[in-house]
>>> print(open('work_1.csv').read())   # CSV, C-alpha atoms
chain,number,residue,atom,x,y,z
W,5,MET,CA,123.2,60.7,219.1
W,6,GLU,CA,121.9,63.7,217.2
W,7,ASN,CA,120.5,66.6,219.2
W,8,ILE,CA,116.8,66.4,219.3
W,9,LEU,CA,116.5,70.1,218.5
W,10,SER,CA,118.0,69.4,215.1
W,11,GLU,CA,114.9,67.3,214.1
W,12,TYR,CA,113.1,70.2,212.4
W,13,ASP,CA,109.8,69.4,210.8
W,14,LYS,CA,108.0,72.2,209.0
W,15,SER,CA,104.7,70.4,208.6
W,16,PRO,CA,101.6,71.6,210.4
W,17,GLY,CA,101.1,70.6,214.0
W,18,ILE,CA,98.3,68.3,215.1
W,19,ILE,CA,96.9,70.8,217.5
W,20,SER,CA,95.8,74.1,215.9
W,21,PRO,CA,96.3,77.4,217.8
W,22,ASP,CA,92.5,78.1,217.4
W,23,PHE,CA,91.5,74.8,218.9
W,24,GLU,CA,89.2,76.6,221.3
W,25,LYS,CA,87.1,78.0,218.4
W,26,MET,CA,86.4,81.2,220.3
W,27,ASP,CA,84.1,83.8,218.8
W,28,LEU,CA,87.0,86.3,218.8
W,29,HIS,CA,88.0,88.7,216.0
W,30,LEU,CA,91.2,90.6,216.8
W,31,PRO,CA,92.6,93.6,214.9
W,32,LYS,CA,95.6,93.1,212.6
W,33,LYS,CA,98.0,94.8,215.0
W,34,ALA,CA,99.0,93.9,218.6
W,35,VAL,CA,101.3,94.9,221.4
W,36,PHE,CA,102.7,91.9,223.4
W,37,ALA,CA,104.0,93.2,226.7
W,38,PHE,CA,106.3,91.5,229.1
W,39,LEU,CA,104.9,93.7,231.9
W,40,GLY,CA,102.6,93.4,234.9
W,41,GLU,CA,98.9,92.8,234.4
W,42,LYS,CA,97.8,95.8,236.5
W,43,ARG,CA,100.2,98.2,234.6
W,44,ILE,CA,98.7,97.1,231.3
W,45,GLU,CA,95.2,97.4,232.6
W,46,ARG,CA,95.8,100.9,233.9
W,47,PHE,CA,97.4,101.9,230.6
W,48,ALA,CA,94.5,100.5,228.6
W,49,LEU,CA,91.7,101.9,230.8
W,50,ALA,CA,93.3,105.4,230.7
W,51,ARG,CA,92.8,105.3,227.0
W,52,GLY,CA,89.2,104.3,227.1
W,53,SER,CA,89.9,100.7,226.1
W,54,GLU,CA,87.7,97.7,226.7
W,55,LYS,CA,88.4,94.1,227.4
W,56,VAL,CA,87.3,92.0,224.3
W,57,GLY,CA,88.2,88.6,225.4
W,58,THR,CA,90.5,86.3,227.5
W,59,PHE,CA,93.0,83.7,226.8
W,60,VAL,CA,92.8,81.0,229.5
W,61,SER,CA,95.8,79.0,230.6
W,62,LEU,CA,96.3,76.4,233.3
W,63,THR,CA,97.7,78.9,235.7
W,64,LYS,CA,96.1,82.3,234.9
W,65,ASP,CA,93.9,84.2,232.6
W,66,PHE,CA,95.3,86.8,230.1
W,67,PRO,CA,92.8,89.6,229.3
W,68,LEU,CA,92.8,91.0,225.8
W,69,TRP,CA,92.4,94.8,225.6
W,70,MET,CA,91.4,96.8,222.6
W,71,ILE,CA,93.1,100.2,222.5
W,72,LYS,CA,91.8,102.9,220.2
W,73,ALA,CA,94.9,104.4,218.8
W,74,ASP,CA,95.0,107.4,216.5
W,75,LYS,CA,94.1,105.5,213.3
W,76,GLU,CA,93.0,102.0,214.2
W,77,ASP,CA,92.3,99.6,217.0
W,78,ILE,CA,95.3,97.8,218.5
W,79,CYS,CA,95.1,94.7,220.7
W,80,ILE,CA,97.3,94.6,223.8
W,81,LEU,CA,98.1,91.5,225.8
W,82,GLN,CA,100.4,90.6,228.7
W,83,ALA,CA,103.1,88.2,227.6
W,84,PRO,CA,104.2,85.5,230.0
W,85,ALA,CA,107.9,85.0,230.8
W,86,GLY,CA,109.7,82.2,229.0
W,87,ALA,CA,110.0,81.3,225.4
W,88,SER,CA,107.5,78.4,225.2
W,89,ALA,CA,104.9,80.2,227.3
W,90,ALA,CA,105.2,83.4,225.3
W,91,VAL,CA,104.9,81.6,221.9
W,92,LEU,CA,101.8,79.7,223.1
W,93,LEU,CA,100.0,83.1,223.4
W,94,LEU,CA,101.6,84.6,220.3
W,95,GLU,CA,100.2,81.7,218.3
W,96,ARG,CA,96.7,82.4,219.6
W,97,LEU,CA,97.0,86.1,218.7
W,98,TYR,CA,97.8,85.0,215.1
W,99,ALA,CA,95.0,82.5,215.1
W,100,TYR,CA,92.4,85.1,215.9
W,101,GLY,CA,93.4,87.7,213.3
W,102,VAL,CA,96.6,89.5,214.3
W,103,GLU,CA,99.2,90.0,211.6
W,104,LYS,CA,101.7,92.4,213.0
W,105,VAL,CA,103.1,92.4,216.5
W,106,VAL,CA,105.4,94.6,218.6
W,107,ALA,CA,106.7,92.8,221.6
W,108,LEU,CA,108.3,94.8,224.5
W,109,GLY,CA,110.0,94.1,227.7
W,110,CYS,CA,113.2,94.4,229.8
W,111,CYS,CA,116.5,92.8,229.2
W,112,GLY,CA,119.8,92.4,231.0
W,113,ALA,CA,122.9,94.3,229.9
W,114,LEU,CA,125.9,92.3,228.9
W,115,GLU,CA,128.2,95.3,228.4
W,116,LYS,CA,128.5,98.6,230.2
W,117,LEU,CA,125.1,100.1,229.5
W,118,ALA,CA,123.1,102.4,231.7
W,119,GLU,CA,119.7,101.3,232.9
W,120,ASN,CA,116.6,102.2,230.8
W,121,VAL,CA,118.4,102.2,227.4
W,122,PHE,CA,116.0,101.2,224.7
W,123,PHE,CA,117.0,98.6,222.1
W,124,VAL,CA,115.4,97.7,218.8
W,125,VAL,CA,116.5,94.1,218.3
W,126,ARG,CA,118.0,93.2,214.9
W,127,LYS,CA,119.1,89.6,215.6
W,128,ALA,CA,118.7,87.1,218.4
W,129,LEU,CA,120.9,84.2,219.4
W,130,ARG,CA,118.8,81.1,219.7
W,131,ASP,CA,119.8,79.6,223.1
W,132,GLU,CA,116.3,78.4,223.9
W,133,GLY,CA,114.4,75.4,222.6
W,134,THR,CA,111.2,76.8,221.2
W,135,SER,CA,112.6,78.5,218.0
W,136,TYR,CA,113.9,75.1,216.8
W,137,HIS,CA,110.3,73.9,216.3
W,138,TYR,CA,109.6,76.8,213.9
W,139,LEU,CA,112.8,77.3,211.9
W,140,PRO,CA,115.7,75.0,210.9
W,141,PRO,CA,118.7,74.9,213.2
W,142,ALA,CA,120.9,78.0,213.1
W,143,ARG,CA,122.7,80.0,215.7
W,144,PHE,CA,120.8,83.3,215.1
W,145,VAL,CA,117.4,84.4,213.8
W,146,THR,CA,117.3,87.8,212.0
W,147,LEU,CA,114.3,89.9,212.7
W,148,ASP,CA,112.2,91.7,210.1
W,149,GLU,CA,114.5,94.5,209.0
W,150,SER,CA,111.7,96.8,207.6
W,151,ALA,CA,109.7,96.4,210.8
W,152,ALA,CA,112.8,97.1,213.0
W,153,ASP,CA,113.5,100.3,210.9
W,154,ILE,CA,109.9,101.5,211.5
W,155,VAL,CA,110.1,100.9,215.2
W,156,GLU,CA,113.4,102.6,215.5
W,157,GLY,CA,112.1,105.6,213.6
W,158,VAL,CA,109.1,105.8,215.9
W,159,LEU,CA,111.4,105.9,219.0
W,160,ARG,CA,113.6,108.5,217.5
W,161,GLU,CA,110.6,110.7,216.4
W,162,SER,CA,109.4,110.4,220.0
W,163,HIS,CA,112.8,111.6,221.3
W,164,VAL,CA,113.4,108.3,223.0
W,165,PRO,CA,117.1,107.5,222.6
W,166,CYS,CA,117.6,104.0,221.3
W,167,GLU,CA,120.2,101.6,220.0
W,168,ARG,CA,120.1,98.6,217.7
W,169,GLY,CA,121.6,95.4,218.8
W,170,VAL,CA,121.8,91.6,219.1
W,171,THR,CA,120.2,89.8,222.0
W,172,TRP,CA,121.0,86.5,223.6
W,173,SER,CA,117.7,84.6,224.1
W,174,THR,CA,118.2,82.0,226.7
W,175,ASP,CA,116.0,79.6,228.7
W,176,GLY,CA,118.6,79.4,231.5
W,177,PHE,CA,118.1,82.6,233.6
W,178,PHE,CA,120.1,81.1,236.5
W,179,ARG,CA,122.7,79.5,234.1
W,180,GLU,CA,124.1,82.7,232.6
W,181,THR,CA,127.7,81.8,233.6
W,182,LYS,CA,130.7,84.0,233.4
W,183,GLU,CA,132.1,82.0,230.5
W,184,LYS,CA,128.8,82.1,228.6
W,185,VAL,CA,128.5,85.9,229.1
W,186,LYS,CA,132.0,86.4,227.7
W,187,ALA,CA,131.3,84.1,224.8
W,188,ARG,CA,128.0,85.8,223.9
W,189,ARG,CA,129.7,89.2,224.0
W,190,ALA,CA,132.3,87.9,221.6
W,191,GLU,CA,129.5,87.0,219.2
W,192,GLY,CA,128.1,90.5,219.3
W,193,CYS,CA,125.3,90.1,221.9
W,194,ARG,CA,124.8,93.3,223.9
W,195,VAL,CA,121.8,92.3,226.0
W,196,VAL,CA,120.1,89.1,227.2
W,197,ASP,CA,116.5,88.2,227.2
W,198,MET,CA,114.4,84.9,227.3
W,199,GLU,CA,111.9,85.1,224.5
W,200,CYS,CA,112.9,87.2,221.5
W,201,ALA,CA,114.4,84.4,219.3
W,202,ALA,CA,111.4,82.2,219.8
W,203,LEU,CA,108.9,84.9,219.0
W,204,ALA,CA,110.8,85.9,215.9
W,205,ALA,CA,111.0,82.3,214.7
W,206,CYS,CA,107.3,81.8,215.3
W,207,ALA,CA,106.5,85.0,213.3
W,208,ALA,CA,108.8,83.9,210.5
W,209,TYR,CA,107.1,80.4,210.3
W,210,ARG,CA,103.6,81.9,210.3
W,211,GLY,CA,104.5,84.7,207.8
W,212,LYS,CA,103.7,87.5,210.2
W,213,VAL,CA,105.4,90.9,210.9
W,214,PHE,CA,107.3,91.0,214.2
W,215,ALA,CA,109.4,93.5,216.0
W,216,GLN,CA,111.0,93.6,219.5
W,217,ILE,CA,111.6,96.6,221.8
W,218,LEU,CA,113.8,95.9,224.8
W,219,PHE,CA,115.0,98.3,227.6
W,220,THR,CA,117.9,97.6,229.9
W,221,ALA,CA,117.1,96.6,233.5
W,222,ASP,CA,119.7,94.5,235.4
W,223,THR,CA,123.3,94.1,234.3
W,224,LEU,CA,126.0,91.4,234.0
W,225,HIS,CA,128.6,93.6,232.4
W,226,ASP,CA,131.3,93.1,235.1
W,227,LEU,CA,130.5,89.3,235.3
W,228,SER,CA,128.5,89.8,238.4
W,229,HIS,CA,124.8,90.6,238.8
W,230,GLU,CA,123.5,94.0,239.7
W,231,GLN,CA,119.7,94.2,239.9
W,232,ARG,CA,119.4,98.0,239.7
W,233,ALA,CA,115.7,99.0,239.5
W,234,TRP,CA,114.7,96.4,236.9
W,235,GLY,CA,114.0,99.1,234.3
W,236,LYS,CA,110.9,100.5,236.2
W,237,GLU,CA,111.3,104.0,234.7
W,238,SER,CA,110.9,102.6,231.2
W,239,ARG,CA,107.8,100.4,231.6
W,240,ASP,CA,105.0,103.0,230.9
W,241,LYS,CA,107.1,104.6,228.2
W,242,ALA,CA,107.6,101.2,226.6
W,243,LEU,CA,103.9,100.6,226.4
W,244,LEU,CA,103.3,104.0,224.8
W,245,MET,CA,106.1,103.4,222.3
W,246,GLY,CA,104.8,99.9,221.6
W,247,VAL,CA,101.4,101.2,220.6
W,248,LYS,CA,102.8,104.0,218.5
W,249,ALA,CA,105.1,101.5,216.7
W,250,ALA,CA,102.4,98.9,216.2
W,251,GLU,CA,100.2,101.6,214.6
W,252,ARG,CA,103.0,102.5,212.2
W,253,LEU,CA,103.7,98.9,211.0
>>> encode(input="work_1.csv", output="C-alpha cells")
Amino acid sequence: MENILSEYDKSPGIISPDFEKMDLHLPKKAVFAFLGEKRIERFALARGSEKVGTFVSLTKDFPLWMIKADKEDICILQAPAGASAAVLLLERLYAYGVEKVVALGCCGALEKLAENVFFVVRKALRDEGTSYHYLPPARFVTLDESAADIVEGVLRESHVPCERGVTWSTDGFFRETKEKVKARRAEGCRVVDMECAALAACAAYRGKVFAQILFTADTLHDLSHEQRAWGKESRDKALLMGVKAAERL
C-alpha cells in the first residue's frame, strides 16, 4: 500500500486559515519565536510594544505583539513546539497580512558543536508529516536562498558568529536513535529540530518569504544525550537578531 504522505494534493483546503474572520491587520513582517511566552512579552514591552490581538487555540492563547523597529512595525508571536502546531499559527499569520517571516529557536547538535552556535538553515530534511501536505514528496526542502543570505548578513554585521547548515526536522523527539543520527549525519545534517521543514514547505506553498535561525542547545554528537543548558544564553540574542533580520527582509 502506498504511503499516505505521498498523496499530495495542491488544491485549496476546505477550511481557510482566516476562518475566524478577525478584525486583524498585521504588518508584512513577523518574527515567529520558539521561546517562552514571558520572555517574548518582556522583550516586546521593553521596546514599547503593544498587544494587537490574540490567536486562540484549544490549549492556550497566543498574544500578538507589535514591535516598532527602526523602520517599520514587526509582529512577534510565540511559536508552539511541533510541526503541525507551528504551521497552524504560521498559516494564520499569513491570513492576516504577514508576507515575510523569520523563525527562531533552539536545535540539537548532531556533530561536535559548542552550545549557543547560531545557524542559518539552508535546507531541511523532511522527517515530519506536515510538509507533505504543502509540497510534493521529496527528502529535503530548500529554504529561500536570498532570505537566508540576508539573515546571515545581519548576524555577521551584528558580530554574532554563525554557520550555515542542514537541519533534520523530525516529529520523533524521543525516537532519535543512534542509527538514525548516524544516517542523518551522513546526509549532511548538522543539527536537529522539529519544525523547520514544515514551516519552509508552508511558506513555499503560500508564496511567502521564510528564513530560519537556530542556535545549538543540547547535543547528540557522541550518540548519547547531553542536555547542557538548552541554549539559554542565546534566547534574548536570538529575539534581537530575529527582529533585525525581519526588518531587513
>>> closest_residue(input="work_1.csv", among="W:Ile71, W:Val164, W:Ile44, W:Cys79", to="W:Pro31", atoms="all atoms listed in the file")
W:Cys79
>>> residues_around(input="work_1.csv", residues="W:Asp175", least_positions_apart="4", cutoff="7 Å", atoms="all atoms listed in the file", output="NGL selection string")
:W and (86 or 131-132 or 198)
>>> closest_atom_pairs(input="work_1.csv", of="stretch 81-123 of chain W", to="stretch 242-247 of chain W", cutoff="12 Å", atoms="all atoms listed in the file", output="CSV")
residue,atom,partner,partner_atom,distance
W:Leu81,CA,W:Leu243,CA,10.8
W:Gln82,CA,W:Leu243,CA,10.8
W:Lys104,CA,W:Val247,CA,11.6
W:Val105,CA,W:Gly246,CA,9.2
W:Val106,CA,W:Gly246,CA,6.1
W:Ala107,CA,W:Gly246,CA,7.3
W:Leu108,CA,W:Ala242,CA,6.8
W:Gly109,CA,W:Ala242,CA,7.6
W:Cys110,CA,W:Ala242,CA,9.4
W:Asn120,CA,W:Ala242,CA,10.0
W:Val121,CA,W:Ala242,CA,10.9
W:Phe122,CA,W:Ala242,CA,8.6
W:Phe123,CA,W:Ala242,CA,10.7
>>> residues_around(input="work_1.csv", residues="stretch 225-236 of chain W", least_positions_apart="2", cutoff="6 Å", atoms="all atoms listed in the file", output="short mmCIF file (atom, residue, chain, number, x, y, z; two decimals) with C-alpha atoms, in the coordinates of the input")
data_model
loop_
_atom_site.label_atom_id
_atom_site.label_comp_id
_atom_site.auth_asym_id
_atom_site.auth_seq_id
_atom_site.Cartn_x
_atom_site.Cartn_y
_atom_site.Cartn_z
CA LEU W 114 125.90 92.30 228.90
CA GLU W 115 128.20 95.30 228.40
CA LYS W 116 128.50 98.60 230.20
CA ASN W 120 116.60 102.20 230.80
CA LYS W 182 130.70 84.00 233.40
CA ALA W 221 117.10 96.60 233.50
CA ASP W 222 119.70 94.50 235.40
CA THR W 223 123.30 94.10 234.30
CA SER W 238 110.90 102.60 231.20
CA ARG W 239 107.80 100.40 231.60
#
>>> closest_residue(input="work_1.csv", among="W:Glu199, W:Asp148, W:Asp22, W:Glu156", to="W:Ser173", atoms="all atoms listed in the file")
W:Glu199
>>> atom_distance(input="work_1.csv", atom1="atom CA of W:Arg96", atom2="atom CA of W:Lys32")
12.8 Å
>>> atom_distance(input="work_1.csv", atom1="atom CA of W:Val196", atom2="atom CA of W:Ala113")
6.5 Å
>>> closest_residue(input="work_1.csv", among="W:Leu203, W:Ala85, W:Leu30, W:Ala48", to="W:Gly101", atoms="all atoms listed in the file")
W:Leu30
>>> closest_residue(input="work_1.csv", among="W:Ala249, W:Leu139, W:Val195, W:Ala87", to="W:Leu218", atoms="only C-alpha atoms")
W:Val195
>>> atom_distance(input="work_1.csv", atom1="atom CA of W:Arg252", atom2="atom CA of W:Pro165")
18.2 Å
>>> closest_residue(input="work_1.csv", among="W:Pro84, W:Leu117, W:Phe36, W:Phe177", to="W:Ser61", atoms="all atoms listed in the file")
W:Pro84
>>> closest_residue(input="work_1.csv", among="W:Val170, W:Pro141, W:Cys206, W:Ala151", to="W:Ile8", atoms="all atoms listed in the file")
W:Pro141
>>> residues_around(input="work_1.csv", residues="W:Ala142", least_positions_apart="3", cutoff="9 Å", atoms="only C-alpha atoms", output="PDB file with C-alpha atoms, in the frame of the given file")
ATOM      1  CA  LEU W 129     120.900  84.200 219.400  1.00  0.00           C
ATOM      2  CA  ARG W 130     118.800  81.100 219.700  1.00  0.00           C
ATOM      3  CA  TYR W 136     113.900  75.100 216.800  1.00  0.00           C
ATOM      4  CA  LEU W 139     112.800  77.300 211.900  1.00  0.00           C
ATOM      5  CA  VAL W 145     117.400  84.400 213.800  1.00  0.00           C
TER       6      VAL W 145
END
>>> residues_around(input="work_1.csv", residues="W:Glu191", least_positions_apart="4", cutoff="12 Å", atoms="all atoms listed in the file", output="PyMOL selection string")
chain W and resi 114+127-129+143-144+169-172+184-187+195
>>> build_atoms(input="work_1.csv", residues="stretch 155-166 of chain W", atoms="all heavy atoms", output="PDB file, in the frame of the given file")
ATOM      1  N   VAL W 155     110.098 100.733 213.763  1.00  0.00           N
ATOM      2  CA  VAL W 155     110.100 100.900 215.200  1.00  0.00           C
ATOM      3  C   VAL W 155     111.160 101.838 215.679  1.00  0.00           C
ATOM      4  O   VAL W 155     110.920 102.727 216.516  1.00  0.00           O
ATOM      5  CB  VAL W 155     110.226  99.509 215.897  1.00  0.00           C
ATOM      6  CG1 VAL W 155     110.394  99.690 217.400  1.00  0.00           C
ATOM      7  CG2 VAL W 155     109.020  98.633 215.606  1.00  0.00           C
ATOM      8  N   GLU W 156     112.339 101.692 215.135  1.00  0.00           N
ATOM      9  CA  GLU W 156     113.400 102.600 215.500  1.00  0.00           C
ATOM     10  C   GLU W 156     113.089 104.029 215.143  1.00  0.00           C
ATOM     11  O   GLU W 156     113.358 104.962 215.903  1.00  0.00           O
ATOM     12  CB  GLU W 156     114.717 102.158 214.805  1.00  0.00           C
ATOM     13  CG  GLU W 156     115.945 102.929 215.248  1.00  0.00           C
ATOM     14  CD  GLU W 156     117.235 102.360 214.672  1.00  0.00           C
ATOM     15  OE1 GLU W 156     117.306 101.142 214.433  1.00  0.00           O
ATOM     16  OE2 GLU W 156     118.179 103.157 214.470  1.00  0.00           O
ATOM     17  N   GLY W 157     112.459 104.219 213.985  1.00  0.00           N
ATOM     18  CA  GLY W 157     112.100 105.600 213.600  1.00  0.00           C
ATOM     19  C   GLY W 157     111.037 106.168 214.524  1.00  0.00           C
ATOM     20  O   GLY W 157     111.114 107.356 214.851  1.00  0.00           O
ATOM     21  N   VAL W 158     110.093 105.358 214.994  1.00  0.00           N
ATOM     22  CA  VAL W 158     109.100 105.800 215.900  1.00  0.00           C
ATOM     23  C   VAL W 158     109.731 106.281 217.246  1.00  0.00           C
ATOM     24  O   VAL W 158     109.393 107.335 217.806  1.00  0.00           O
ATOM     25  CB  VAL W 158     108.019 104.757 216.190  1.00  0.00           C
ATOM     26  CG1 VAL W 158     107.134 105.131 217.372  1.00  0.00           C
ATOM     27  CG2 VAL W 158     107.172 104.543 214.941  1.00  0.00           C
ATOM     28  N   LEU W 159     110.675 105.497 217.735  1.00  0.00           N
ATOM     29  CA  LEU W 159     111.400 105.900 219.000  1.00  0.00           C
ATOM     30  C   LEU W 159     112.109 107.176 218.829  1.00  0.00           C
ATOM     31  O   LEU W 159     112.035 108.056 219.691  1.00  0.00           O
ATOM     32  CB  LEU W 159     112.317 104.744 219.386  1.00  0.00           C
ATOM     33  CG  LEU W 159     111.674 103.444 219.888  1.00  0.00           C
ATOM     34  CD1 LEU W 159     112.717 102.346 220.016  1.00  0.00           C
ATOM     35  CD2 LEU W 159     110.977 103.660 221.219  1.00  0.00           C
ATOM     36  N   ARG W 160     112.819 107.321 217.735  1.00  0.00           N
ATOM     37  CA  ARG W 160     113.600 108.500 217.500  1.00  0.00           C
ATOM     38  C   ARG W 160     112.697 109.751 217.330  1.00  0.00           C
ATOM     39  O   ARG W 160     112.982 110.840 217.838  1.00  0.00           O
ATOM     40  CB  ARG W 160     114.556 108.348 216.350  1.00  0.00           C
ATOM     41  CG  ARG W 160     115.586 107.251 216.609  1.00  0.00           C
ATOM     42  CD  ARG W 160     116.708 107.257 215.593  1.00  0.00           C
ATOM     43  NE  ARG W 160     117.585 106.104 215.771  1.00  0.00           N
ATOM     44  CZ  ARG W 160     118.517 106.002 216.725  1.00  0.00           C
ATOM     45  NH1 ARG W 160     118.668 106.988 217.596  1.00  0.00           N
ATOM     46  NH2 ARG W 160     119.271 104.923 216.827  1.00  0.00           N
ATOM     47  N   GLU W 161     111.598 109.585 216.598  1.00  0.00           N
ATOM     48  CA  GLU W 161     110.600 110.700 216.400  1.00  0.00           C
ATOM     49  C   GLU W 161     110.045 111.110 217.766  1.00  0.00           C
ATOM     50  O   GLU W 161     109.691 112.281 217.953  1.00  0.00           O
ATOM     51  CB  GLU W 161     109.530 110.260 215.481  1.00  0.00           C
ATOM     52  CG  GLU W 161     109.945 110.144 214.022  1.00  0.00           C
ATOM     53  CD  GLU W 161     108.833 109.566 213.176  1.00  0.00           C
ATOM     54  OE1 GLU W 161     107.667 109.578 213.646  1.00  0.00           O
ATOM     55  OE2 GLU W 161     109.117 109.090 212.064  1.00  0.00           O
ATOM     56  N   SER W 162     109.928 110.171 218.676  1.00  0.00           N
ATOM     57  CA  SER W 162     109.400 110.400 220.000  1.00  0.00           C
ATOM     58  C   SER W 162     110.423 110.899 220.988  1.00  0.00           C
ATOM     59  O   SER W 162     110.144 111.014 222.182  1.00  0.00           O
ATOM     60  CB  SER W 162     108.666 109.181 220.529  1.00  0.00           C
ATOM     61  OG  SER W 162     107.650 108.765 219.646  1.00  0.00           O
ATOM     62  N   HIS W 163     111.633 111.121 220.483  1.00  0.00           N
ATOM     63  CA  HIS W 163     112.800 111.600 221.300  1.00  0.00           C
ATOM     64  C   HIS W 163     113.125 110.604 222.402  1.00  0.00           C
ATOM     65  O   HIS W 163     113.483 110.999 223.514  1.00  0.00           O
ATOM     66  CB  HIS W 163     112.462 112.977 221.887  1.00  0.00           C
ATOM     67  CG  HIS W 163     112.061 113.989 220.853  1.00  0.00           C
ATOM     68  ND1 HIS W 163     112.941 114.490 219.913  1.00  0.00           N
ATOM     69  CD2 HIS W 163     110.850 114.555 220.593  1.00  0.00           C
ATOM     70  CE1 HIS W 163     112.304 115.342 219.127  1.00  0.00           C
ATOM     71  NE2 HIS W 163     111.034 115.399 219.511  1.00  0.00           N
ATOM     72  N   VAL W 164     112.980 109.319 222.073  1.00  0.00           N
ATOM     73  CA  VAL W 164     113.400 108.300 223.000  1.00  0.00           C
ATOM     74  C   VAL W 164     114.724 107.707 222.427  1.00  0.00           C
ATOM     75  O   VAL W 164     114.724 107.015 221.414  1.00  0.00           O
ATOM     76  CB  VAL W 164     112.356 107.128 223.063  1.00  0.00           C
ATOM     77  CG1 VAL W 164     112.871 105.984 223.953  1.00  0.00           C
ATOM     78  CG2 VAL W 164     111.035 107.669 223.591  1.00  0.00           C
ATOM     79  N   PRO W 165     115.844 108.017 223.056  1.00  0.00           N
ATOM     80  CA  PRO W 165     117.100 107.500 222.600  1.00  0.00           C
ATOM     81  C   PRO W 165     117.115 105.983 222.518  1.00  0.00           C
ATOM     82  O   PRO W 165     116.626 105.328 223.444  1.00  0.00           O
ATOM     83  CB  PRO W 165     118.139 108.028 223.592  1.00  0.00           C
ATOM     84  CG  PRO W 165     117.461 109.196 224.236  1.00  0.00           C
ATOM     85  CD  PRO W 165     116.001 108.846 224.262  1.00  0.00           C
ATOM     86  N   CYS W 166     117.610 105.435 221.443  1.00  0.00           N
ATOM     87  CA  CYS W 166     117.600 104.000 221.300  1.00  0.00           C
ATOM     88  C   CYS W 166     118.819 103.515 220.538  1.00  0.00           C
ATOM     89  O   CYS W 166     119.476 104.288 219.841  1.00  0.00           O
ATOM     90  CB  CYS W 166     116.326 103.497 220.636  1.00  0.00           C
ATOM     91  SG  CYS W 166     116.164 104.011 218.916  1.00  0.00           S
TER      92      CYS W 166
END
